[in-house]
Structures are given as C-alpha cells and as structure tokens.
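Asks: mmCIF, C-alpha atoms and all ligand atoms, saved as data.cif, coming up:
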data_protein
loop_
_atom_site.label_atom_id
_atom_site.label_comp_id
_atom_site.auth_asym_id
_atom_site.auth_seq_id
_atom_site.Cartn_x
_atom_site.Cartn_y
_atom_site.Cartn_z
CA MET K 1 32.35 21.95 -11.12
CA VAL K 2 32.81 19.93 -7.99
CA SER K 3 29.72 18.91 -6.11
CA PHE K 4 30.13 21.00 -2.93
CA LYS K 5 29.57 24.07 -5.05
CA TYR K 6 26.35 22.64 -6.33
CA PHE K 7 25.07 22.13 -2.81
CA SER K 8 25.97 25.63 -1.69
CA THR K 9 23.85 27.19 -4.40
CA ALA K 10 21.04 24.78 -3.76
CA LEU K 11 20.95 26.20 -0.24
CA LEU K 12 21.09 29.77 -1.47
CA ALA K 13 18.31 29.14 -3.94
CA THR K 14 16.16 27.59 -1.25
CA SER K 15 16.63 30.51 1.11
CA ALA K 16 15.94 32.95 -1.72
CA LEU K 17 12.60 31.29 -2.33
CA ALA K 18 11.83 31.29 1.36
CA LEU K 19 12.48 35.02 1.65
CA PRO K 20 10.28 36.88 -0.82
CA HIS K 21 12.09 40.12 -0.09
CA GLY K 22 15.39 38.57 -1.20
CA HIS K 23 15.37 40.54 -4.42
CA THR K 24 14.62 43.98 -3.05
CA HIS K 25 18.25 45.09 -3.19
CA ALA K 26 18.32 44.63 -6.92
CA HIS K 27 17.92 48.32 -7.74
CA ALA K 28 20.75 50.62 -8.74
CA HIS K 29 23.11 48.05 -10.23
CA LYS K 30 23.69 50.10 -13.35
CA ARG K 31 26.69 49.32 -15.46
CA THR K 32 29.08 52.22 -15.43
CA GLY K 33 32.50 50.72 -16.11
CA THR K 34 33.88 49.34 -19.34
CA SER K 35 36.10 46.70 -17.76
CA LYS K 36 35.45 43.14 -18.87
CA ARG K 37 36.28 41.85 -15.43
CA GLY K 38 33.60 40.37 -13.19
CA ALA K 39 33.14 38.91 -9.72
CA ALA K 40 31.61 35.45 -9.46
CA TYR K 41 30.40 35.37 -5.88
CA ASN K 42 28.25 33.59 -3.35
CA ASP K 43 28.53 36.27 -0.61
CA ALA K 44 27.58 39.74 -1.92
CA SER K 45 29.30 41.49 0.98
CA LEU K 46 32.69 40.28 -0.31
CA VAL K 47 32.41 41.81 -3.78
CA GLN K 48 33.54 45.21 -2.48
CA SER K 49 36.91 43.64 -1.60
CA LEU K 50 37.57 43.13 -5.31
CA SER K 51 35.67 46.08 -6.76
CA SER K 52 37.17 48.87 -4.66
CA GLY K 53 39.98 49.28 -7.22
CA GLY K 54 37.39 50.11 -9.89
CA LEU K 55 38.17 47.19 -12.21
CA ILE K 56 35.11 45.05 -11.53
CA SER K 57 32.18 46.14 -13.70
CA TRP K 58 29.81 43.22 -13.21
CA ALA K 59 29.01 40.33 -10.91
CA TYR K 60 26.92 37.18 -10.79
CA ASP K 61 26.10 34.57 -8.19
CA TRP K 62 24.68 31.67 -10.26
CA ASN K 63 21.31 32.94 -9.15
CA MET K 64 18.39 35.21 -10.00
CA TYR K 65 18.71 37.18 -6.75
CA THR K 66 21.62 39.34 -5.64
CA MET K 67 21.38 37.81 -2.15
CA GLY K 68 22.57 41.05 -0.57
CA THR K 69 23.75 44.46 -1.71
CA LEU K 70 26.41 44.89 -4.38
CA PRO K 71 28.60 47.99 -4.77
CA SER K 72 26.54 50.47 -6.79
CA GLU K 73 28.92 50.60 -9.77
CA VAL K 74 28.76 46.82 -10.25
CA GLU K 75 26.10 45.49 -12.64
CA PHE K 76 24.33 42.39 -11.36
CA VAL K 77 23.83 39.78 -14.07
CA PRO K 78 21.13 37.22 -13.26
CA MET K 79 21.46 33.58 -14.22
CA LEU K 80 18.77 31.00 -14.82
CA TRP K 81 20.93 28.20 -13.37
CA GLY K 82 18.72 25.31 -14.41
CA THR K 83 15.37 23.65 -13.84
CA LYS K 84 15.62 24.12 -10.06
CA MET K 85 15.16 27.88 -10.60
CA PHE K 86 12.16 27.85 -12.90
CA THR K 87 9.84 28.61 -9.98
CA GLY K 88 9.99 32.32 -9.30
CA TRP K 89 12.04 33.11 -12.40
CA PHE K 90 9.59 35.32 -14.29
CA ALA K 91 8.87 37.54 -11.29
CA ALA K 92 12.54 37.80 -10.33
CA ILE K 93 13.71 38.68 -13.81
CA GLN K 94 11.04 41.34 -14.38
CA THR K 95 12.21 43.09 -11.22
CA LEU K 96 15.86 42.96 -12.25
CA LEU K 97 15.30 44.14 -15.81
CA GLY K 98 13.41 47.12 -14.47
CA SER K 99 16.39 48.07 -12.34
CA GLY K 100 19.56 47.97 -14.38
CA SER K 101 20.48 44.43 -15.41
CA ASN K 102 21.25 44.40 -19.11
CA TYR K 103 22.00 40.72 -19.65
CA ILE K 104 20.64 37.31 -18.72
CA LEU K 105 22.91 34.29 -18.31
CA GLY K 106 21.63 30.88 -19.42
CA PHE K 107 21.94 27.49 -17.75
CA ASN K 108 25.07 26.52 -15.79
CA GLU K 109 27.11 23.69 -17.30
CA PRO K 110 24.21 21.80 -18.86
CA ASP K 111 26.83 19.39 -20.21
CA MET K 112 27.58 18.15 -16.66
CA SER K 113 25.41 15.71 -14.76
CA SER K 114 26.21 17.42 -11.41
CA GLN K 115 25.24 20.85 -12.75
CA ALA K 116 22.29 21.92 -14.96
CA ALA K 117 22.39 18.53 -16.78
CA MET K 118 20.34 19.09 -19.96
CA SER K 119 20.51 17.71 -23.45
CA SER K 120 21.09 20.42 -26.02
CA SER K 121 17.57 19.98 -27.39
CA ASP K 122 15.89 20.17 -23.96
CA ALA K 123 18.03 23.22 -23.21
CA ALA K 124 16.87 24.87 -26.44
CA ASN K 125 13.23 24.29 -25.52
CA TYR K 126 13.68 25.61 -21.97
CA TYR K 127 15.69 28.57 -23.25
CA ARG K 128 12.92 29.47 -25.70
CA GLN K 129 10.34 29.23 -22.93
CA TYR K 130 12.13 31.02 -20.07
CA ILE K 131 14.79 33.31 -21.53
CA SER K 132 13.87 34.22 -25.12
CA PRO K 133 10.75 36.16 -24.04
CA PHE K 134 13.13 38.83 -22.64
CA SER K 135 15.11 39.35 -25.83
CA GLY K 136 13.70 42.85 -26.32
CA GLN K 137 14.69 43.91 -22.82
CA ALA K 138 18.09 42.34 -22.29
CA LYS K 139 20.94 40.72 -24.18
CA LEU K 140 20.72 36.98 -23.92
CA VAL K 141 23.77 34.88 -23.09
CA SER K 142 23.82 31.19 -24.00
CA PRO K 143 24.10 28.39 -21.46
CA ALA K 144 27.69 28.13 -20.16
CA VAL K 145 29.43 24.92 -21.18
CA THR K 146 32.54 23.31 -19.73
CA ASN K 147 35.77 22.83 -21.66
CA GLY K 148 35.10 19.09 -21.71
CA VAL K 149 35.74 17.39 -25.03
CA GLY K 150 33.49 14.80 -26.63
CA SER K 151 30.17 14.22 -28.23
CA ASP K 152 27.53 16.55 -26.72
CA VAL K 153 30.04 17.96 -24.22
CA GLY K 154 31.73 21.37 -24.15
CA LEU K 155 31.83 23.24 -27.45
CA ASP K 156 30.22 20.29 -29.22
CA TRP K 157 27.20 20.59 -26.89
CA MET K 158 27.20 24.33 -27.63
CA ARG K 159 27.17 23.81 -31.39
CA ASN K 160 24.23 21.42 -31.06
CA PHE K 161 22.42 23.93 -28.86
CA LEU K 162 23.01 26.81 -31.29
CA ASN K 163 21.76 24.64 -34.15
CA SER K 164 18.53 23.92 -32.23
CA CYS K 165 18.10 27.45 -30.90
CA THR K 166 18.47 29.54 -34.06
CA ASP K 167 15.25 31.40 -33.17
CA CYS K 168 16.10 31.97 -29.50
CA GLY K 169 17.56 35.47 -29.65
CA VAL K 170 20.93 34.44 -28.21
CA THR K 171 23.50 37.23 -28.64
CA ALA K 172 26.47 35.98 -26.62
CA LEU K 173 28.25 32.69 -26.01
CA ALA K 174 29.34 31.57 -22.51
CA VAL K 175 32.05 29.08 -21.64
CA HIS K 176 33.96 27.80 -18.60
CA TRP K 177 37.55 26.56 -18.49
CA TYR K 178 39.53 24.63 -15.90
CA GLY K 179 42.98 23.45 -16.85
CA ASP K 180 46.70 23.65 -16.34
CA SER K 181 48.25 26.22 -18.65
CA ALA K 182 47.78 29.67 -20.13
CA ASP K 183 48.36 28.28 -23.63
CA ASP K 184 45.62 25.73 -23.23
CA PHE K 185 43.29 28.44 -21.91
CA LYS K 186 44.01 30.75 -24.86
CA ASN K 187 43.47 27.93 -27.33
CA PHE K 188 40.13 27.08 -25.79
CA VAL K 189 38.92 30.68 -25.66
CA THR K 190 40.00 31.13 -29.28
CA GLN K 191 37.94 28.09 -30.28
CA ALA K 192 34.97 29.56 -28.40
CA THR K 193 35.22 32.96 -30.07
CA GLU K 194 35.54 31.26 -33.46
CA LEU K 195 32.39 29.27 -32.78
CA ALA K 196 30.63 32.47 -31.69
CA ALA K 197 31.70 34.21 -34.91
CA GLU K 198 30.39 31.30 -36.97
CA TYR K 199 26.95 31.87 -35.41
CA ASN K 200 27.15 35.67 -35.67
CA LEU K 201 27.38 36.13 -31.92
CA ALA K 202 29.45 39.24 -31.30
CA GLU K 203 30.30 38.43 -27.69
CA THR K 204 31.93 35.58 -25.80
CA TRP K 205 31.84 35.50 -22.00
CA VAL K 206 34.15 33.32 -19.91
CA THR K 207 32.00 33.09 -16.80
CA GLU K 208 34.21 30.66 -14.85
CA PHE K 209 37.88 29.87 -15.31
CA ALA K 210 40.76 28.81 -13.10
CA LEU K 211 43.87 26.75 -12.94
CA ASN K 212 43.08 23.30 -11.57
CA SER K 213 45.83 23.84 -9.03
CA ASP K 214 43.94 26.85 -7.67
CA LEU K 215 40.74 24.98 -6.89
CA ALA K 216 41.58 23.45 -3.56
CA GLY K 217 40.66 26.69 -1.80
CA GLN K 218 44.18 27.32 -0.57
CA GLY K 219 44.32 31.05 -0.87
CA GLY K 220 45.24 31.98 -4.45
CA THR K 221 48.70 30.77 -5.31
CA GLN K 222 51.71 32.34 -7.00
CA ALA K 223 50.99 30.05 -9.95
CA SER K 224 47.50 31.50 -10.37
CA SER K 225 48.84 35.02 -9.97
CA ASP K 226 51.37 34.34 -12.78
CA PHE K 227 48.62 32.77 -14.86
CA LEU K 228 46.38 35.82 -14.46
CA ASN K 229 49.20 38.22 -15.30
CA ASP K 230 49.61 36.30 -18.55
CA VAL K 231 45.99 35.79 -19.60
CA LEU K 232 44.29 39.01 -18.42
CA PRO K 233 46.03 41.34 -20.92
CA TRP K 234 45.39 38.72 -23.58
CA LEU K 235 41.67 38.52 -22.73
CA ASP K 236 41.39 42.30 -22.68
CA ALA K 237 42.92 42.41 -26.18
CA GLN K 238 40.49 39.86 -27.66
CA THR K 239 37.72 41.82 -29.34
CA GLY K 240 35.46 38.76 -29.29
CA VAL K 241 35.70 38.41 -25.51
CA SER K 242 33.47 40.91 -23.77
CA ARG K 243 33.37 39.69 -20.17
CA TYR K 244 35.08 37.19 -17.92
CA ALA K 245 35.12 36.10 -14.28
CA TYR K 246 37.91 34.14 -12.61
CA PHE K 247 36.67 31.50 -10.13
CA MET K 248 35.89 33.06 -7.67
CA CYS K 249 35.27 36.01 -5.33
CA GLY K 250 35.47 34.07 -2.07
CA ASP K 251 37.81 33.09 0.74
CA GLY K 252 40.41 30.59 -0.43
CA TYR K 253 40.22 31.83 -4.02
CA LEU K 254 40.61 35.46 -5.07
CA LEU K 255 40.25 36.40 -1.43
CA SER K 256 42.08 35.39 1.68
CA GLY K 257 39.58 36.10 4.42
CA SER K 258 37.97 39.25 3.09
CA GLU K 259 41.17 40.70 1.54
CA PRO K 260 42.48 40.04 -1.98
CA SER K 261 44.76 36.98 -2.03
CA LEU K 262 47.87 36.79 -4.20
CA SER K 263 45.75 35.89 -7.22
CA GLY K 264 43.11 38.42 -6.17
CA LYS K 265 45.70 41.19 -6.29
CA ALA K 266 46.66 40.12 -9.80
CA TYR K 267 42.97 40.08 -10.77
CA ILE K 268 42.32 43.66 -9.69
CA SER K 269 45.47 45.32 -10.93
C1 LIG L 301 27.82 26.05 -9.00
C2 LIG L 301 27.10 27.11 -8.24
C3 LIG L 301 27.93 27.63 -7.09
C4 LIG L 301 29.26 28.05 -7.59
C5 LIG L 301 30.18 28.58 -6.49
C6 LIG L 301 29.14 26.57 -9.42
O1 LIG L 301 29.85 25.56 -10.08
O2 LIG L 301 27.05 25.66 -10.08
O3 LIG L 301 25.93 26.55 -7.79
O4 LIG L 301 27.31 28.70 -6.44
O5 LIG L 301 29.88 27.00 -8.28
O6 LIG L 301 30.32 27.72 -5.45
#
Could you write out this file's structure as structure tokens?
Ligand code: BGC
Replies:
Amino acid sequence: MVSFKYFSTALLATSALALPHGHTHAHAHKRTGTSKRGAAYNDASLVQSLSSGGLISWAYDWNMYTMGTLPSEVEFVPMLWGTKMFTGWFAAIQTLLGSGSNYILGFNEPDMSSQAAMSSSDAANYYRQYISPFSGQAKLVSPAVTNGVGSDVGLDWMRNFLNSCTDCGVTALAVHWYGDSADDFKNFVTQATELAAEYNLAETWVTEFALNSDLAGQGGTQASSDFLNDVLPWLDAQTGVSRYAYFMCGDGYLLSGSEPSLSGKAYIS
C-alpha cells in the first residue's frame, strides 16, 4: 500500500525495539469468538471501538508486538512483516505463543517494492528460517500478496512461493485486495481460495481489503458501507475464507475519531 503507511510502521517497529517491555501486554488474548472479522490497527486503544459489538474476534498491527492492550476477547495475531523485523522476532514470538496467539502471519506484500519486497524464492528461505520452526505451536499463514497481476506479482508470486515452500508447514493463504467493485473483489477472493485448495490449504485470509475510493482517509463513505453490506455476508458464506480484515481500524477509515464511521457501522453489524 501507499508509502505513508510503510513509514508509520517503521516508526512503530523502532519504538517497539527501543522499549523491551513493549510486549508485556501480550497475555490473555485468547480467541473466544467464531467471527471471521478482524481489526487491522496501528493504535490498540481504538480496537475496542469496533469490538464492543462482539463481532471482532482477532486483530493484527503488521507487527510482532501488540503495542498496547487489546480487548480480552480479541486474539492478537503477530506478523513477521519483513526483514526489518528479524531482530527480536524469536523472543517476541515465543512470548506470544505462550500466551494465546494461535497463528503467525507471514511477510507483508512481498510482491511490492515499498513493502516487504522479496522474491518468492528469498521469501521461501526466510519463511523456512523464521516461521516454519513454529509449525508445531501455531498455524502458519503465508505471506500476504497484493491483487496485482503479472509475472511474480499477486497470485502468481504466491504460486511460485508455494512451489518453493512445499516443506514450510504453511496452512493458510493470505491475500490483499484494493479495487473498485464487489464483483471484482469476489472474483479475486474466489481465485485465491481456488489456489489455496490446489495446495491443500484449508484456509484463506483476506488481511487487507478496501475500495480504492475509501483510501483517502475521508471517514468511511456510503459507497464503502454499501460495498461491505454486499461482500460481508458473501465472505461469511465462503467456507474457504476463514478470516478477513477491512482496511482499517483507524480514524478516517472504519472510525471517525474514535467512533465507528459509516463503513465502520456496516463492518460491525
Ligand atoms: C503497512 C504497515 C502499516 C499499515 C497501516 C500497511 O500497508 O505495511 O506498515 O502499519 O499499512 O498503516
């Protein structure tokens, strides 16, 4: 995604490393709900604004630290964003796995130069080194690719990765989608679940998705509310889709200030 987002996590990651106690709130994030719906956040204190209705079962912040306290019924899912998080990863993940996280998310948009930026073969090697060792303790989600189309981009990148990482213990596929229509979204997610099925992966996670028109941070529009009312029941009915997170739990997106925006209300009802 757009570069300002990259910089905001770079800052978070830096402060997490500077504060060794940053992970101490990781306890007690046990999964209790069965909802597929998640909160993608940067500010943990805002997650409550979406989760109070009981429909948010999990959350992630593109990071290996919660960076604050999440509501107790929300499962924190750590992500190994990319090479910038290799330092500190093993210690952080051991702590989380001992305290209720059941999944690990792989690299963020390795098929984009402004994000994790990895070839599928480098990603397979890093995955084997940093994530596969936890396959007995957690379910392992693949890197999350964009819906870009082309050689070694999007689902093509993913296929190459899965072909190189047959021994990696991956159990779920992750994808992102940004686009303009519900039909296009459903087509893309269907392609992703078909690819997952081909590789015997029972789960597909859509860890970022949004209408392009909703990305300017203008408060969650009527268009995105209509979009969510269309695609959420569809996602919930797809047996191959186990979790998803609309972009994102923050002001100007699913929230307006700290209250649900128009799209936020659609997301939690
Ligand atoms: C970036 C993350 C960032 C998030 C929200 C993602 O695209 O990779 O670093 O935290 O957007 O801003």
Asks: For Ala245 in chain K, list every protein, DNA or RNA residue within 9 Å, evaluated using all atoms listed in the file, and leave out those in the same chain fewer than 5 positions away; present the list as number ranges by chain.
Replies: K: 36-40, 58-60, 205-209
Asks: Measuring between only C-alpha atoms and all ligand atoms, which one of K:Gly88, K:Gly82, K:Pro233, K:Gly220 shows the shortest distance to ligand LIG 301 (chain L)?
Replies: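 Selected residue with least distance to ligand LIG 301 (chain L): K:Gly82.
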Asks: For a quick check of understanding, using only C-alpha atoms and all ligand atoms, which of K:Val145, K:Val231, K:Leu211, K:Ala182 has the smallest distance to ligand LIG 301 (chain L)?
Replies: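 Closest to ligand LIG 301 (chain L), using only C-alpha atoms and all ligand atoms: K:Val145.
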Asks: Rank K:Thr171, K:Thr221, K:Asn42, K:Thr193 by their smallest atom-to-atom distance to ligand LIG 301 (chain L), using all atoms listed in the file, and report the top residue only.
Replies: K:Asn42
Asks: CA of Gly54 in chain K and CA of Glu73 in chain K are how many Å apart?
Replies: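 Between CA of Gly54 in chain K and CA of Glu73 in chain K the gap is 8.5 Å.
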Asks: From the set K:Asp180, K:Asp152, K:Glu194, K:Glu259, which residue has the shortest atom-to-atom contact distance to Ser213 in chain K, counting only C-alpha atoms?
Replies: K:Asp180
Asks: Between K:Ser52, K:Ser121, K:Ser142, K:Gln129, which has the minimum distance to Phe107 in chain K (counting all atoms listed in the file)?
Replies: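 With all atoms listed in the file as the atom set, the closest residue is K:Ser142.
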Asks: Looking at K:Ser114, K:Gln218, K:Asn125, K:Thr34, which one is nearest to ligand LIG 301 (chain L), with distances taken over only C-alpha atoms and all ligand atoms?
Replies: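 Looking at the shortest contact to ligand LIG 301 (chain L), the residue is K:Ser114.
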Asks: Which value, in Å to one decimal, gives the distance between CA of Phe86 in chain K and CA of Trp157 in chain K?
Replies: 21.8 Å
Asks: Centre and edge lengths, as JSON, for the axis-aligned box enclosing every listed atom of ligand LIG 301 (chain L) with 8 Å of padding on each of the six sides, in Å to one decimal?
Replies:
{"center_x": 28.1, "center_y": 27.1, "center_z": -7.8, "size_x": 20.4, "size_y": 19.1, "size_z": 20.6}
Asks: For CA of Asp183 in chain K and CA of Leu254 in chain K, quote the distance in Å rounded to one decimal.
Replies: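 According to the coordinates, CA of Asp183 in chain K and CA of Leu254 in chain K are separated by 21.4 Å.
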Asks: Near Ser164 in chain K, counting all atoms listed in the file, which residues have an atom at most 9 Å away, once you skip same-chain residues fewer than 2 positions from it, shown as a PyMOL selection string?
Replies: chain K and resi 120-121+124-125+159-162+166-168
